[in-house]
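Working notes for the structure below.
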Amino acid sequence: MSSCFLGVLCVALSSMNEAEIPALTPAAPATPGEVGLVEPHDFACSEPFTFESGQVLPGFTLRYETYGRLNAARDNTILICHALSGDHHCAGIYSPDDRKPGWWNNLIGPGKAVDTNKFFVLCINCLGGCQGSTGPSSIDPRTGRPFGIAFPFVTIRDMVRAQKLLCDHLGLASLYAITGGSMGGMQVLQWPIEFPGFVKKILPMATTARESAQAIAFNEVGRQAIMQDPAWNHGDYPRDGGPRVGLAIARMMAHITYLSDASMDRKFGRRKKETAAAGAYNFDVQFEVESYLRHQGESFINRFDANSYLYITRALDHFDLAAAHGSLEQAFAPIEAETLCVGFTSDWLFPPEQNREVVLALLRAGKRASYAELTTDLGHDSFLLESPQLYDLVRGFLEKKSP
Amino acid sequence: MTKPAFKRSVDMQIIADWVEPRSRVLDLGCGRGVLLDFLTQSKDAFAVGVDLDFDKIAACVHLGAIAYQGDMLEFMRAFPEKHFDRVICSRTLEELPNPAAVIAEALRVGRALTVGFVNHGFWKNRLTTLLRGRKPRNAVYTTEWFESRPSNPASITDFEHFCAIKRIRITRRVHLSGDWKTSCHFRPNFLAGYALYDLTQ
């Protein structure tokens with residue numbers, strides 16, 4: 001999407017909201033404890049952006065949302081970083097009858113663990129993404145066609161540097177805290193290395209300082225599913241077309257890595273679809289779990305761009321703080337922020353050991369860092385869990401003044 | 001202050017006296033972070049705690065203390081020699097399945113090790129065992145045998161014997177009487193209720 005197109009869309013969205021919100025607000029007041037109605041904004045940066053790869057974009061757009069109020073000192077912002085398939089819509093709803101709130105709505109809101117009565121919450125769709133920020137599906141101004149695989153290779157560090165430009169645009173004096181899980185956690189770790197004085201607290205969850213061989217392997221299977229689909233066509237496909245089969249398979253497989261044996265068995269067991277005839281010797285959908293995964297794949301292709309999937313998984317693969325800085329201790333040497341890292345016992349994608357290693361290296365480097373581990377059986381997605389224990393921990397970390 | 005609350009906090013002042021200002025301290029079995037917080041406030045120490053329990057780590061985080069959830073041996077193995085100025089093992093030792101390994105590792109990662117424990121040779125402990133014929137239960141050891149953690153009830157004589165055979169140097173020792181306040185210099189293994197040791201390799 002070109003920034004021009006986005007600009008028009010944003011104007012359309014904001015003018016629509018300006019017209020509608022005053023009328024809607026009395027009829028549908030925000031439920032206590034809920035962020036309520038929200039709208040996305042666009043930041044169009046017209047300065048050239050040089051990627052770590054050396055490739056340059058003449059400008060870019062980031063789509064973001066904010067909740068709560070920025071204080072007078074402009075230092076109460078909590079930045080939320082989303083995971084691979086996530087986006088900037090982490091809390092609230094888009095209309096009164098919107099039944100699907102943002103992806104971390106259980107954590108963020110007035111009086112919640114990330115309290116929007118106290119903090120200004122910012123969440124940004126990552127550079128290279130496809131939910132409104134500039135990525136491979138955006139229009140390349142030089143050709144008038146989508147970038148496709150001509151888009152510059154993006155890294156976690158590139159994503160963070162682009163986010164900082166938005167923070168500067170918003171006039172933020174500093175970030176009070178940054179949190180996120182999975183790929184979001186990688187950005188959380190990259191931030192205080194890149195901009196040490198700008199960040200007070202970091203709260204990475206279910207993450208790693210170094211993408212493991214197993215995680216790279218899963219990413220590669222996903223990419224192959226996409227790239228072997230003839231409709232991928234070397235990344236050159238129309239907006240409404242593309243490798244839909246390949247992307248759906250990539251999503252189905254990746255989704256398994258976000259769950260666990262125990263949680264899948266509890267949720268689906270060996271239950272069969274009612275439509276499946278008992279003992280049918282065919283390859284139609286028979287088990288609930290098959291049907292669930294197919295649904296995950298189907299719904300994903302309607303909201304995600306296959307080339308973005310390739311680019312972002314590559315960004316994950318390249319994430320290795322130890323290799324980038326000589327050692328993890330050296331990587332963490334500039335950090336001034338205080339850390340709380342949270343691991344989850346059943347996470348086998350970014351398992352507890354990888355989260356522990358982050359904290360141990362921070363402590364070896366003489367930094368203030370704590371580690372807590374929640375016992376859950378929901379796998380990697382546990383960080384999205386509705387858990388009073390997790391809420392209490394997050395609140396305790398965010399609201400305790402640093403020494 | 002209630003008697004149990006007093007008995008929980010009595011050794012904090014002595015432990016803190018042995019901590020150098022602004023030094024790097026590791027508290028093994030940090031619980032809810034009371035000692036960590038005290039050392040940070042009173043000595044401006046860089047104090048890190050280790051405990052197994054999520055709720056205890058969360059309590060530490062609420063206090064603003066630094067804490068790591070996990071096994072203390074595995075934690076210490078992740079650090080180079082003498083990374084900490086001092087390791088503290090206060091009222092934790094008797095609950096460990098492998099105290100010798102923990103003490104050895106603590107003396108490797110720490111320049112000094114403070115150990116504090118209830119003296120099971122104290123005459124009252126001997127008397128209750130002798131008269132009641134049961135595991136001692138008091139203000140400190142409140143639980144029945146079947147709900148206790150692994151317990152290695154040691155006496156002052158036991159502990160000094162251990163240090164002797166392991167060639168661990170005792171640089172300081174404080175024995176407190178049954179009131180856990182006044183120091184006890186006469187026949188401590190029989191008359192002291194609580195013992196604190198400062199050790200180096």
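Chain labels run A, B, ... following the order of the structure tokens; each chain numbers its residues from 1, and ligands are numbered from 1 in the order shown.
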
Report task. Write out as a ChimeraX atom specification which residues come within 7 Å of region 151-162 of chain A when counting only C-alpha atoms, dropping same-chain ones fewer than 3 positions away. Result -> /A:51-53,55,126-128,136,147-148,165-166,187,190-191,311,315,319

Report task. Counting only C-alpha atoms, collect the residues of chain A whose closest atom lies at most 9 Å from chain B, and write them out as number ranges by chain. Result -> A: 340, 356-357, 359-361, 363-364, 366, 368-375, 389-390, 392-397, 399-403

Report summary line: Using only C-alpha atoms, the residue out of A:Val38, A:Met186, A:Ile335, A:Cys130 with shortest distance to Leu321 (chain A) is A:Met186

Requested in this report: Assign secondary structure with DSSP using the backbone only, and return the residues of region 113-184 of chain A in strand (DSSP E) as a PyMOL selection string.
Outcome: chain A and resi 114-115+120-124+139-140+145-146+175-181

Query - Which of region 81-170 of chain B fall in helix (DSSP H, G or I), as a PyMOL selection string - result: chain B and resi 93-95+99-109+123-132+145-147+156-165

Go ahead and save the picked residues with N, CA and C atoms, as a short mmCIF file (atom, residue, chain, number, x, y, z; two decimals), in the first residue's frame.
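What follows is the written file out-v2.cif:
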data_model
loop_
_atom_site.label_atom_id
_atom_site.label_comp_id
_atom_site.auth_asym_id
_atom_site.auth_seq_id
_atom_site.Cartn_x
_atom_site.Cartn_y
_atom_site.Cartn_z
N LEU B 93 19.32 -23.50 54.05
CA LEU B 93 20.19 -24.67 53.98
C LEU B 93 19.49 -25.97 54.38
N GLU B 94 18.75 -25.90 55.49
CA GLU B 94 18.16 -27.14 56.01
C GLU B 94 17.03 -27.67 55.13
N GLU B 95 16.57 -26.83 54.17
CA GLU B 95 15.49 -27.29 53.28
C GLU B 95 16.03 -27.87 51.96
N PRO B 99 22.80 -29.77 50.32
CA PRO B 99 23.45 -28.58 50.88
C PRO B 99 24.93 -28.48 50.54
N ALA B 100 25.64 -29.59 50.50
CA ALA B 100 27.08 -29.52 50.24
C ALA B 100 27.35 -28.95 48.86
N ALA B 101 26.57 -29.38 47.85
CA ALA B 101 26.76 -28.89 46.48
C ALA B 101 26.44 -27.40 46.40
N VAL B 102 25.41 -26.97 47.10
CA VAL B 102 25.03 -25.55 47.07
C VAL B 102 26.10 -24.70 47.74
N ILE B 103 26.64 -25.17 48.88
CA ILE B 103 27.68 -24.40 49.57
C ILE B 103 28.94 -24.32 48.70
N ALA B 104 29.30 -25.43 48.05
CA ALA B 104 30.49 -25.43 47.20
C ALA B 104 30.32 -24.45 46.04
N GLU B 105 29.15 -24.46 45.41
CA GLU B 105 28.89 -23.58 44.27
C GLU B 105 28.81 -22.12 44.73
N ALA B 106 28.23 -21.89 45.91
CA ALA B 106 28.13 -20.53 46.45
C ALA B 106 29.51 -19.97 46.74
N LEU B 107 30.42 -20.82 47.22
CA LEU B 107 31.79 -20.37 47.51
C LEU B 107 32.58 -20.15 46.22
N ARG B 108 32.13 -20.76 45.12
CA ARG B 108 32.77 -20.51 43.83
C ARG B 108 32.34 -19.17 43.24
N VAL B 109 31.01 -18.91 43.22
CA VAL B 109 30.53 -17.67 42.58
C VAL B 109 30.60 -16.47 43.52
N TRP B 123 19.08 -26.63 73.50
CA TRP B 123 18.54 -27.53 74.54
C TRP B 123 17.02 -27.71 74.46
N LYS B 124 16.32 -26.65 74.08
CA LYS B 124 14.85 -26.78 74.01
C LYS B 124 14.44 -27.75 72.90
N ASN B 125 15.17 -27.69 71.78
CA ASN B 125 14.87 -28.61 70.68
C ASN B 125 15.15 -30.06 71.10
N ARG B 126 16.28 -30.21 71.86
CA ARG B 126 16.58 -31.57 72.34
C ARG B 126 15.50 -32.04 73.30
N LEU B 127 15.07 -31.11 74.18
CA LEU B 127 14.11 -31.48 75.21
C LEU B 127 12.76 -31.88 74.62
N THR B 128 12.28 -31.09 73.64
CA THR B 128 10.96 -31.43 73.06
C THR B 128 11.03 -32.79 72.38
N THR B 129 12.14 -33.02 71.69
CA THR B 129 12.27 -34.32 71.03
C THR B 129 12.31 -35.44 72.07
N LEU B 130 13.06 -35.17 73.14
CA LEU B 130 13.24 -36.18 74.19
C LEU B 130 11.91 -36.46 74.91
N LEU B 131 11.21 -35.38 75.30
CA LEU B 131 10.00 -35.55 76.10
C LEU B 131 8.79 -35.95 75.27
N ARG B 132 8.62 -35.25 74.11
CA ARG B 132 7.43 -35.52 73.31
C ARG B 132 7.66 -36.67 72.35
N TRP B 145 5.81 -33.02 60.04
CA TRP B 145 6.86 -33.65 59.24
C TRP B 145 6.40 -33.92 57.80
N PHE B 146 5.08 -34.21 57.65
CA PHE B 146 4.61 -34.65 56.33
C PHE B 146 4.31 -33.48 55.40
N GLU B 147 4.34 -32.26 55.94
CA GLU B 147 4.12 -31.13 55.05
C GLU B 147 5.36 -30.23 54.97
N ILE B 156 25.04 -26.69 65.56
CA ILE B 156 26.26 -25.90 65.39
C ILE B 156 27.48 -26.81 65.26
N THR B 157 27.52 -27.86 66.07
CA THR B 157 28.65 -28.80 66.01
C THR B 157 28.68 -29.51 64.66
N ASP B 158 27.50 -29.92 64.19
CA ASP B 158 27.40 -30.54 62.86
C ASP B 158 27.99 -29.62 61.79
N PHE B 159 27.59 -28.35 61.83
CA PHE B 159 27.99 -27.42 60.78
C PHE B 159 29.49 -27.15 60.81
N GLU B 160 30.04 -26.99 62.02
CA GLU B 160 31.48 -26.72 62.11
C GLU B 160 32.29 -27.95 61.69
N HIS B 161 31.74 -29.12 61.96
CA HIS B 161 32.39 -30.36 61.51
C HIS B 161 32.43 -30.41 59.98
N PHE B 162 31.29 -30.02 59.38
CA PHE B 162 31.21 -29.99 57.91
C PHE B 162 32.27 -29.03 57.35
N CYS B 163 32.38 -27.82 57.92
CA CYS B 163 33.36 -26.84 57.43
C CYS B 163 34.77 -27.38 57.56
N ALA B 164 35.02 -28.10 58.66
CA ALA B 164 36.37 -28.63 58.89
C ALA B 164 36.73 -29.67 57.81
N ILE B 165 35.82 -30.62 57.55
CA ILE B 165 36.18 -31.67 56.59
C ILE B 165 36.20 -31.13 55.15
#

Hey, what's within 8 Å of region 13-18 of chain B if we count only C-alpha atoms and toss same-chain stuff fewer than 5 positions away? As an mmCIF file with C-alpha atoms, in the first residue's frame, please?
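And here is the file that came out, out_13.cif:
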data_model
loop_
_atom_site.group_PDB
_atom_site.id
_atom_site.type_symbol
_atom_site.label_atom_id
_atom_site.label_comp_id
_atom_site.auth_asym_id
_atom_site.auth_seq_id
_atom_site.Cartn_x
_atom_site.Cartn_y
_atom_site.Cartn_z
ATOM 1 C CA LEU B 39 19.932 -4.775 51.725
ATOM 2 C CA SER B 42 20.240 -0.049 53.992
ATOM 3 C CA LYS B 43 23.392 -0.870 52.017
ATOM 4 C CA THR B 114 26.861 -16.032 54.824
#

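Minimum atom-to-atom distance to Trp180 (chain B), evaluated using only C-alpha atoms, belongs to B:Leu196 out of B:Leu26, B:Leu196, B:Ala45, B:Met72.
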
Query - Distance criterion (only C-alpha atoms): nearest to Phe190 (chain B) out of B:Arg137, B:His120, B:Arg169, B:Arg149 - result: B:His120

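Proximity to Pro97 (chain B) was assessed for B:Val118, B:Val19, B:Leu113, B:Leu73 counting only C-alpha atoms; the smallest distance is recorded for B:Leu73.
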
Query raised in the report: So which residues touch Asp381 (chain A) within 9 Å, counting only C-alpha atoms, skipping near sequence neighbours fewer than 5 positions away, as a ChimeraX atom specification?
Result: /A:181-182,206,258-259,347

Could those residues be written to a file, using N, CA and C atoms, as a PDB file, in the first residue's frame?
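Output (result13.pdb):
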ATOM      1  N   GLY A 181       5.314 -10.207  23.303  1.00  0.00           N
ATOM      2  CA  GLY A 181       5.702 -11.608  23.341  1.00  0.00           C
ATOM      3  C   GLY A 181       6.216 -12.060  21.996  1.00  0.00           C
ATOM      4  N   SER A 182       6.984 -13.149  21.979  1.00  0.00           N
ATOM      5  CA  SER A 182       7.437 -13.761  20.743  1.00  0.00           C
ATOM      6  C   SER A 182       8.291 -12.782  19.936  1.00  0.00           C
ATOM      7  N   ALA A 206       7.924 -14.824  26.534  1.00  0.00           N
ATOM      8  CA  ALA A 206       7.931 -15.944  25.588  1.00  0.00           C
ATOM      9  C   ALA A 206       8.788 -15.620  24.371  1.00  0.00           C
ATOM     10  N   TYR A 258       2.348 -22.852  18.106  1.00  0.00           N
ATOM     11  CA  TYR A 258       1.936 -21.886  19.134  1.00  0.00           C
ATOM     12  C   TYR A 258       1.139 -22.556  20.249  1.00  0.00           C
ATOM     13  N   LEU A 259       0.761 -23.827  20.025  1.00  0.00           N
ATOM     14  CA  LEU A 259      -0.064 -24.546  20.998  1.00  0.00           C
ATOM     15  C   LEU A 259       0.796 -25.599  21.700  1.00  0.00           C
ATOM     16  N   ASP A 347       5.841 -23.610  26.641  1.00  0.00           N
ATOM     17  CA  ASP A 347       6.251 -22.987  25.376  1.00  0.00           C
ATOM     18  C   ASP A 347       7.432 -23.770  24.804  1.00  0.00           C
TER      19      ASP A 347
END

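We find CA of Glu338 (chain A) and CA of Ile202 (chain A) to be spaced 6.2 Å apart.
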
**Report entry** Residues near region 73-84 of chain A, cut-off 6 Å, only C-alpha atoms, skip fewer than 3 positions along chain, as a ChimeraX atom specification
**Finding:** /A:70,87,119-123,172-180,182-184

Query raised in the report: Using only C-alpha atoms, which of A:Thr313, A:Gln286, A:Ser138, A:Thr376 sits nearest Phe218 (chain A)?
Result: A:Thr313

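Between CA of Glu220 (chain A) and CA of Ser85 (chain A) the interatomic distance comes to 15.8 Å.
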
Report task. Extract, using only C-alpha atoms, all DNA, RNA and protein residues at most 8 Å from Arg173 (chain B), discarding same-chain residues fewer than 5 positions from it, and format them as a list in words. Result -> Ala195, Leu196, Tyr197 and Asp198 of chain B

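Relative to CA of His234 (chain A), CA of Ala254 (chain A) is found at 21.9 Å.
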